[in-house]
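Notes follow the structure.
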Amino acid sequence: MNDGTMPFYIKDCTLLTKMSGLSPAFDMRDLRDRIALCRPAVIYHHFCETPLAPTFDYPDFRNDFAVWVKRQLEDNVLAERLGMIDPYQFKSLEDLRAFTLDIIDERLCESYVMSSVPPGHEFYFQEAITMVFETGHVMHHPGEMLEIMALLTNSSIYYHFLEARRRTPGLTDDFSLWMENFGGEWESLVKTLRTIDFIFYSLPELKQELLYVLQQNKGDA
Amino acid sequence: MTAYSIDLYRDVVGDPVVDQLRRLGERLQDVRIVHVNSTREGGGVAEILNWMVPLMNDLGLNATWEVIEGNGDFFTVTKSIHNGLQGYPVTLHKKDWDVYEAVNNNNIERLAPLLGDADVVIIHDPQPAALLKHMARRRGMWIWRAHIDISRPHHPVWKALKPFVQEFDAGIFSLNSFAQVLPHEQFIIAPSIDPLSEKNMPLDKKFISGVAREFNLDQTRPLIVQISRFDRFKDPIGVIEAYRMVRRVNPVQLVLAGSGATDDPEGKEIFDEVMEAADNDPDIHVLLLPPDAHRQINALQRLADIVIQKSTKEGFGLTVTEGLWKGKPVIGGDVGGIRLQVISHYTGYLVNSPEGAAHRIRYLLHHRAKMREMGKTAREFVRENFLLTRQIREYLTLFLYLLKDRGHSVFV
């Protein structure tokens with residue numbers, strides 16, 4: 001139970017993309033070799049930080065590798081397999097890397113011809129710097145969450161709902177983790193927040209879903 | 001320079017986005033930023049600096065904008081450097097590079113006190129890149145901001161320029177494909193537009209109709225518009241070829257409009273070539289507009305059924321962003337930053353030839369509902385990704401990163 005000393009300080013973050021220093025990939029083999037070699041931050045960027053980078057929202061696939069394989073290599077099978085990877089299910093980025101390499105290796109074994117792309121259509125490996133800062137918004141009780149949520153930027157939602165899964169013990173979001181401290185009354189909302197299938201939401205859509213869930217919960221209460 | 005407040009953008013992007021910029025600005029109070037480029041008006045860089053500098057000041061930073069002074073010889077050389085970096089096989093001799101360095105050296109006498117004390121100096125494009133070499137004393141971080149497509153430069157030109165560029169502390173490129181092998185960190189920041197500038201603000205119908213009358217445009221017939229400098233990489237001749245192919249089956253009109261820039265001595269030559277290709281066709285309107293004709297350009301883009309930007313090389317293509325923001329589908333060359341904005345079948349079409357452009361113009365003119373749907377998608381795509389608030393946020397993030405302890409996740 002919360003003893004009244006654990007306020008929730010709302011944070012925000014901004015993202016700055018930079019080049020990884022790796023050569024670009026022109027075919028599936030290049031892609032595999034660079035993924036095997038790159039820093040974990042590169043894996044994280046292309047799987048998880050895509051929603052924060054200026055980009056067109058492709059509803060089909062939620063990671064950069066799958067989008068490139070689909071649009072440029074035109075290998076639909078590999079694109080579908082990569083597209084279904086949920087990066088938040090893995091305990092570490094090394095596990096995610098190993099799983100991704102396994103999928104590409106499997107496809108390499110199946111492929112008799114390996115297509116490559118012309119210059120201008122290659123895959124560039126990037127990583128990002130995340131700048132995290134306090135917003136000044138503080139919640140003292142879960143009942144305040146609906147009102148606060150409406151004020152949050154997309155990047156704040158990203159930080160507390162998605163990026164949180166990288167640093168919280170149960171690989172969960174900050175909101176439900178904090179709410180656990182307030183006892184049984186909030187259990188059902190904790191469960192609902194944790195069952196949101198967020199992978200296919202853009203950040204504005206995710207914010208709307210969170211607002212909807214909180215609104216529904218308020219109505220039920 | 002305009003003097004307005006970031007708060008004016010609340011209606012366009014929402015309160016959370018503006019509040020976020022204010023919070024970032026609080027952490028950079030009085031940090032001295034100096035931008036340096038080579039022209040006060042004409043072209044995308046001057047347009048960006050025209051709003052970026054006052055808005056950085058409004059957020060609490062101490063930002064200034066300096067323009068290097070050069071003569072005709074210097075700008076002829078720098079235009080060749082510009083063309084060479086974009087892959088055009090130009091020849092530059094030692095005497096040309098001597099002119100380049102000498103003019104930069106002359107400017108340093110005037111600018112050294114300001115640049116020496118700045119916390120961050122941003123040098124835009126190659127023209128002032130040699131300033132750093134001549135700085136005897138500096139305390140801040142120097143960033144080279146390349147706005148042009150240097151993905152496949154003419155090697156001798158890049159080889160000669162690289163020694164100036166590699167001394168910088170960081171680089172910024174509009175696209176990942178433009179980044180080069182350099183010893184410093186290279187950041188990716190796409191440019192953006194100001195939705196409240198004269199070029200992008202909403203206009204009343206009366207003014208728009210007035211512009212149509214001013215330029216003898218028939219509002220009952222389809223209109224294709226390309227706005228850009230008269231530059232060979234914008235391929236105005238290719239646009240005229242595409243227009244002629246469409247014209248066989250549709251009474252379409254074409255506007256090719258642009259203004260000159262003080263750092264672009266080739267503009268007159270290309271303009272003359274375009275006039276010759278237009279061959280007095282009354283439905284091809286080649287307009288050389290003054291640099292401050294922003295409202296007219298805004299109106300021309302709003303009059304267009306389709307905006308075209310058939311570049312063969314393009315850094316980013318702010319005119320593409322402008323067209324998308326006005327809810328127009330854009331037919332763009334499959335190059336550079338246009339690829340980031342024109343998503344085929346969603347916001348317009350990428351094309352690789354005059355034939356491709358003609359094909360897509362004809363298709364869209366036959367599918368008006370598709371045009372409207374694309375236009376709606378295009379406007380929201382720009383709102384989310386390519387308005388100035390996003391670009392300022394990334395610059396402020398970069399300043400915080402460069403001036404604080406470095407790491408992948410930085411708490412400030």
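Labeling convention for the structure tokens: chains A, B, ... as they appear, residues from 1 per chain, ligands from 1 in order of appearance.
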| query | Quick one: residues within 7 Å of B:Val67, only C-alpha atoms counted, chain neighbours fewer than 4 positions away excluded, as an NGL selection string? | reply | :B and (36-40)
| request: Give the residues of chain B that lie within 9 Å of chain A; count only C-alpha atoms, and format the answer as JSON, numbers by chain. | output: {"B": [15, 16, 17, 19, 20, 23, 24, 151, 172, 176, 177, 179, 181, 185, 186, 187, 188, 189, 190, 335, 336, 340, 341, 343, 381, 384, 385, 386, 390, 393, 394, 395, 397, 398, 400, 401, 406, 407, 408, 409, 410, 411, 412]}
| task | Taking the DSSP assignment computed from this structure's backbone, write out as a list in words all residues of stretch 12-221 of chain A that belong to strand (DSSP E). | result |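 Here is the list: Asp12, Cys13, Thr14, Leu15, Leu16, Thr17, Lys18, Met19, Gln126, Glu127, Ala128, Ile129, Thr130, Met131, Val132, Phe133, Glu134, Thr135, Gly136, His137, Val138 and Met139 of chain A.
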| request: Step one, run DSSP on the backbone; step two, keep only residues of stretch 98-287 of chain B assigned to alpha helix (DSSP H); then write them as number ranges by chain. | output: B: 98-117, 155-165, 205-214, 236-247, 267-278
| message | Report as a PyMOL selection string all protein, DNA and RNA residues lying within 10 Å of A:Met179, evaluated on only C-alpha atoms, omitting residues in the same chain fewer than 5 positions from it. | response | chain A and resi 1-2+8+141-143+145+174+184-187+189-190
Now that the selection is made, can you save its residues with N, CA and C atoms as a short mmCIF file (atom, residue, chain, number, x, y, z; two decimals), in the first residue's frame?
```cif
data_model
loop_
_atom_site.label_atom_id
_atom_site.label_comp_id
_atom_site.auth_asym_id
_atom_site.auth_seq_id
_atom_site.Cartn_x
_atom_site.Cartn_y
_atom_site.Cartn_z
N MET A 1 0.84 -1.21 0.00
CA MET A 1 0.00 0.00 0.00
C MET A 1 0.87 1.26 0.00
N ASN A 2 0.40 2.28 -0.66
CA ASN A 2 1.17 3.51 -0.72
C ASN A 2 1.07 4.28 0.59
N PHE A 8 4.31 10.42 -8.37
CA PHE A 8 4.78 10.03 -9.71
C PHE A 8 5.20 11.31 -10.43
N HIS A 141 -1.88 10.52 -6.74
CA HIS A 141 -2.87 9.44 -6.60
C HIS A 141 -3.32 9.03 -8.01
N PRO A 142 -3.57 7.74 -8.26
CA PRO A 142 -3.99 7.29 -9.60
C PRO A 142 -5.23 8.02 -10.13
N GLY A 143 -6.05 8.51 -9.22
CA GLY A 143 -7.25 9.22 -9.65
C GLY A 143 -6.93 10.48 -10.44
N MET A 145 -4.68 10.58 -12.81
CA MET A 145 -4.00 10.20 -14.05
C MET A 145 -4.73 10.65 -15.32
N ASP A 174 5.53 2.36 -16.61
CA ASP A 174 5.66 3.09 -15.34
C ASP A 174 4.31 3.32 -14.67
N GLY A 184 -5.79 -2.92 -3.93
CA GLY A 184 -6.75 -3.70 -4.70
C GLY A 184 -7.70 -2.88 -5.55
N GLU A 185 -8.04 -1.72 -5.08
CA GLU A 185 -8.99 -0.86 -5.79
C GLU A 185 -8.53 -0.59 -7.24
N TRP A 186 -7.21 -0.61 -7.45
CA TRP A 186 -6.67 -0.27 -8.77
C TRP A 186 -6.22 -1.48 -9.56
N GLU A 187 -6.43 -2.66 -9.00
CA GLU A 187 -5.95 -3.89 -9.64
C GLU A 187 -6.48 -4.08 -11.06
N LEU A 189 -7.55 -1.84 -13.17
CA LEU A 189 -6.96 -0.88 -14.11
C LEU A 189 -5.51 -1.26 -14.46
N VAL A 190 -4.79 -1.76 -13.44
CA VAL A 190 -3.42 -2.23 -13.69
C VAL A 190 -3.45 -3.33 -14.75
#
```
| field | Contacts of A:Ser92 within 10 Å, only C-alpha atoms, excl. fewer than 4 positions in-chain, as a list in words | value |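 My reading of the contact set: Pro40, Pro87, Tyr88, Leu96, Arg97 and Arg166 of chain A.
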| Can you tell me, as a PyMOL selection string, what residues are no more than 8 Å from stretch 44-56 of chain B when counting only C-alpha atoms, ignoring any on the same chain fewer than 3 positions away? | chain B and resi 1-6+25+35+37+39-41+59-65+124+147+191-194+318+388+392
Restricting it to N, CA, C and O atoms, dump the selection as a compact mmCIF listing (two decimals), in the first residue's frame.
```txt
# COMPACT_ATOMS: atom_id res chain seq x y z
N MET B 1 14.20 40.05 -39.99
CA MET B 1 13.79 38.84 -39.28
C MET B 1 12.47 39.07 -38.55
O MET B 1 12.26 40.13 -38.00
N THR B 2 11.66 38.07 -38.53
CA THR B 2 10.39 38.19 -37.83
C THR B 2 10.62 38.03 -36.33
O THR B 2 11.51 37.34 -35.91
N ALA B 3 9.79 38.71 -35.55
CA ALA B 3 9.91 38.57 -34.10
C ALA B 3 8.59 38.06 -33.57
O ALA B 3 7.65 38.82 -33.40
N TYR B 4 8.50 36.77 -33.39
CA TYR B 4 7.27 36.26 -32.81
C TYR B 4 7.56 35.16 -31.80
O TYR B 4 8.70 34.73 -31.64
N SER B 5 6.51 34.74 -31.16
CA SER B 5 6.68 33.85 -30.02
C SER B 5 6.28 32.42 -30.39
O SER B 5 5.37 32.20 -31.20
N ILE B 6 6.93 31.47 -29.76
CA ILE B 6 6.59 30.06 -29.97
C ILE B 6 5.15 29.77 -29.54
O ILE B 6 4.52 28.84 -30.04
N GLY B 25 14.04 24.83 -23.42
CA GLY B 25 14.65 26.16 -23.46
C GLY B 25 15.12 26.60 -22.08
O GLY B 25 16.19 27.22 -21.95
N HIS B 35 24.56 31.25 -35.81
CA HIS B 35 24.38 30.59 -37.10
C HIS B 35 25.13 31.41 -38.15
O HIS B 35 25.07 32.65 -38.14
N ASN B 37 25.68 31.61 -42.44
CA ASN B 37 25.46 31.08 -43.79
C ASN B 37 25.91 32.15 -44.80
O ASN B 37 26.63 33.09 -44.43
N THR B 39 23.76 33.73 -47.35
CA THR B 39 22.79 34.64 -47.96
C THR B 39 21.65 34.92 -46.97
O THR B 39 21.24 34.04 -46.23
N ARG B 40 21.19 36.16 -46.99
CA ARG B 40 20.12 36.55 -46.08
C ARG B 40 18.75 36.21 -46.67
O ARG B 40 17.78 36.07 -45.95
N GLU B 41 18.68 36.10 -47.99
CA GLU B 41 17.39 35.78 -48.60
C GLU B 41 17.56 34.89 -49.83
O GLU B 41 18.59 34.90 -50.50
N LEU B 59 12.82 31.32 -26.79
CA LEU B 59 12.90 30.21 -25.83
C LEU B 59 13.98 30.45 -24.77
O LEU B 59 14.21 29.59 -23.92
N GLY B 60 14.67 31.58 -24.87
CA GLY B 60 15.63 31.93 -23.81
C GLY B 60 17.08 31.80 -24.20
O GLY B 60 17.97 32.16 -23.43
N LEU B 61 17.36 31.26 -25.39
CA LEU B 61 18.75 31.17 -25.83
C LEU B 61 19.18 32.55 -26.35
O LEU B 61 18.34 33.42 -26.60
N ASN B 62 20.47 32.72 -26.53
CA ASN B 62 20.98 33.98 -27.08
C ASN B 62 21.51 33.66 -28.49
O ASN B 62 22.67 33.33 -28.67
N ALA B 63 20.60 33.71 -29.47
CA ALA B 63 20.95 33.27 -30.84
C ALA B 63 21.11 34.45 -31.78
O ALA B 63 20.34 35.41 -31.72
N THR B 64 22.12 34.37 -32.64
CA THR B 64 22.30 35.39 -33.68
C THR B 64 22.57 34.71 -35.02
O THR B 64 22.92 33.53 -35.07
N TRP B 65 22.42 35.48 -36.07
CA TRP B 65 22.60 34.95 -37.42
C TRP B 65 23.55 35.89 -38.18
O TRP B 65 23.26 37.08 -38.30
N HIS B 124 26.40 26.75 -41.82
CA HIS B 124 25.47 26.14 -42.76
C HIS B 124 26.08 26.03 -44.16
O HIS B 124 26.47 27.04 -44.76
N HIS B 147 23.04 21.10 -45.78
CA HIS B 147 21.63 21.04 -46.20
C HIS B 147 21.47 20.34 -47.55
O HIS B 147 20.36 20.11 -47.98
N PRO B 191 14.92 19.11 -42.14
CA PRO B 191 14.43 20.49 -42.05
C PRO B 191 12.92 20.52 -41.83
O PRO B 191 12.28 19.48 -41.66
N SER B 192 12.37 21.70 -41.85
CA SER B 192 10.94 21.83 -41.56
C SER B 192 10.44 23.17 -42.10
O SER B 192 11.22 24.00 -42.54
N ILE B 193 9.14 23.37 -42.03
CA ILE B 193 8.56 24.64 -42.47
C ILE B 193 7.86 25.35 -41.32
O ILE B 193 7.49 24.73 -40.32
N ASP B 194 7.68 26.64 -41.52
CA ASP B 194 6.97 27.48 -40.55
C ASP B 194 5.52 27.61 -41.02
O ASP B 194 5.25 28.27 -42.01
N LEU B 318 12.06 21.72 -49.35
CA LEU B 318 11.04 22.37 -48.52
C LEU B 318 9.79 22.71 -49.32
O LEU B 318 8.70 22.78 -48.76
N LEU B 388 8.22 23.32 -37.81
CA LEU B 388 9.41 23.85 -37.16
C LEU B 388 9.56 23.43 -35.70
O LEU B 388 10.68 23.38 -35.17
N ILE B 392 13.19 22.50 -34.06
CA ILE B 392 13.76 23.23 -32.92
C ILE B 392 14.02 22.26 -31.77
O ILE B 392 15.06 22.32 -31.11
```
| message | Neighbouring residues of stretch 71-75 of chain A were defined as those with any atom within 12 Å, considering only C-alpha atoms; residues of the same chain fewer than 2 positions away were excluded. Please report them as an MDAnalysis selection string. | response | (chainID A and resid 25:31 58 60:61 64:69 77:83 104 107:108 110:111 113:123) or (chainID B and resid 343:344)
| query | Between B:Ile306, B:Ala112, B:Ala299, B:Met371, which is the closest to B:Lys206 once you count only C-alpha atoms? | reply |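 When distances to B:Lys206 are compared using only C-alpha atoms, the smallest one comes from B:Ala299.
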Residues near B:Lys376, anyone? I mean within 10 Å using only C-alpha atoms, not counting same-chain ones fewer than 5 positions away, as a PDB file with N, CA, C and O atoms, in the first residue's frame.
```
ATOM      1  N   LEU B 324       2.664  19.711 -49.474  1.00  0.00           N
ATOM      2  CA  LEU B 324       1.946  18.714 -48.663  1.00  0.00           C
ATOM      3  C   LEU B 324       1.127  19.403 -47.572  1.00  0.00           C
ATOM      4  O   LEU B 324      -0.012  19.028 -47.302  1.00  0.00           O
ATOM      5  N   TRP B 325       1.716  20.441 -46.954  1.00  0.00           N
ATOM      6  CA  TRP B 325       1.026  21.160 -45.876  1.00  0.00           C
ATOM      7  C   TRP B 325      -0.248  21.830 -46.396  1.00  0.00           C
ATOM      8  O   TRP B 325      -1.217  21.988 -45.656  1.00  0.00           O
ATOM      9  N   LYS B 326      -0.245  22.193 -47.676  1.00  0.00           N
ATOM     10  CA  LYS B 326      -1.437  22.829 -48.247  1.00  0.00           C
ATOM     11  C   LYS B 326      -2.435  21.787 -48.761  1.00  0.00           C
ATOM     12  O   LYS B 326      -3.388  22.126 -49.484  1.00  0.00           O
ATOM     13  N   GLY B 327      -2.178  20.539 -48.414  1.00  0.00           N
ATOM     14  CA  GLY B 327      -3.126  19.483 -48.756  1.00  0.00           C
ATOM     15  C   GLY B 327      -3.084  19.086 -50.215  1.00  0.00           C
ATOM     16  O   GLY B 327      -4.101  18.636 -50.766  1.00  0.00           O
ATOM     17  N   LYS B 328      -1.926  19.233 -50.845  1.00  0.00           N
ATOM     18  CA  LYS B 328      -1.795  18.849 -52.254  1.00  0.00           C
ATOM     19  C   LYS B 328      -0.979  17.569 -52.378  1.00  0.00           C
ATOM     20  O   LYS B 328       0.035  17.412 -51.697  1.00  0.00           O
ATOM     21  N   PRO B 329      -1.386  16.664 -53.272  1.00  0.00           N
ATOM     22  CA  PRO B 329      -0.490  15.547 -53.568  1.00  0.00           C
ATOM     23  C   PRO B 329       0.736  16.090 -54.296  1.00  0.00           C
ATOM     24  O   PRO B 329       0.623  17.038 -55.078  1.00  0.00           O
ATOM     25  N   TYR B 346       0.434   7.317 -50.950  1.00  0.00           N
ATOM     26  CA  TYR B 346      -0.108   7.888 -49.714  1.00  0.00           C
ATOM     27  C   TYR B 346      -0.128   9.420 -49.765  1.00  0.00           C
ATOM     28  O   TYR B 346      -1.138  10.051 -49.497  1.00  0.00           O
ATOM     29  N   THR B 347       1.046  10.038 -50.068  1.00  0.00           N
ATOM     30  CA  THR B 347       1.104  11.507 -50.090  1.00  0.00           C
ATOM     31  C   THR B 347       1.402  12.041 -51.487  1.00  0.00           C
ATOM     32  O   THR B 347       1.482  13.244 -51.680  1.00  0.00           O
ATOM     33  N   LYS B 370      -9.032  10.393 -54.967  1.00  0.00           N
ATOM     34  CA  LYS B 370      -7.715   9.938 -54.503  1.00  0.00           C
ATOM     35  C   LYS B 370      -6.835  11.149 -54.172  1.00  0.00           C
ATOM     36  O   LYS B 370      -6.098  11.148 -53.180  1.00  0.00           O
ATOM     37  N   MET B 371      -6.941  12.183 -55.019  1.00  0.00           N
ATOM     38  CA  MET B 371      -6.167  13.406 -54.765  1.00  0.00           C
ATOM     39  C   MET B 371      -6.542  14.017 -53.427  1.00  0.00           C
ATOM     40  O   MET B 371      -5.678  14.442 -52.652  1.00  0.00           O
ATOM     41  N   PHE B 381       0.608  14.314 -42.082  1.00  0.00           N
ATOM     42  CA  PHE B 381       1.987  13.791 -42.077  1.00  0.00           C
ATOM     43  C   PHE B 381       2.977  14.933 -41.788  1.00  0.00           C
ATOM     44  O   PHE B 381       3.901  14.791 -40.978  1.00  0.00           O
TER      45      PHE B 381
END
```
| note | From atom CA of B:Ile33 to atom CA of B:Glu167 the spacing works out at 18.7 Å
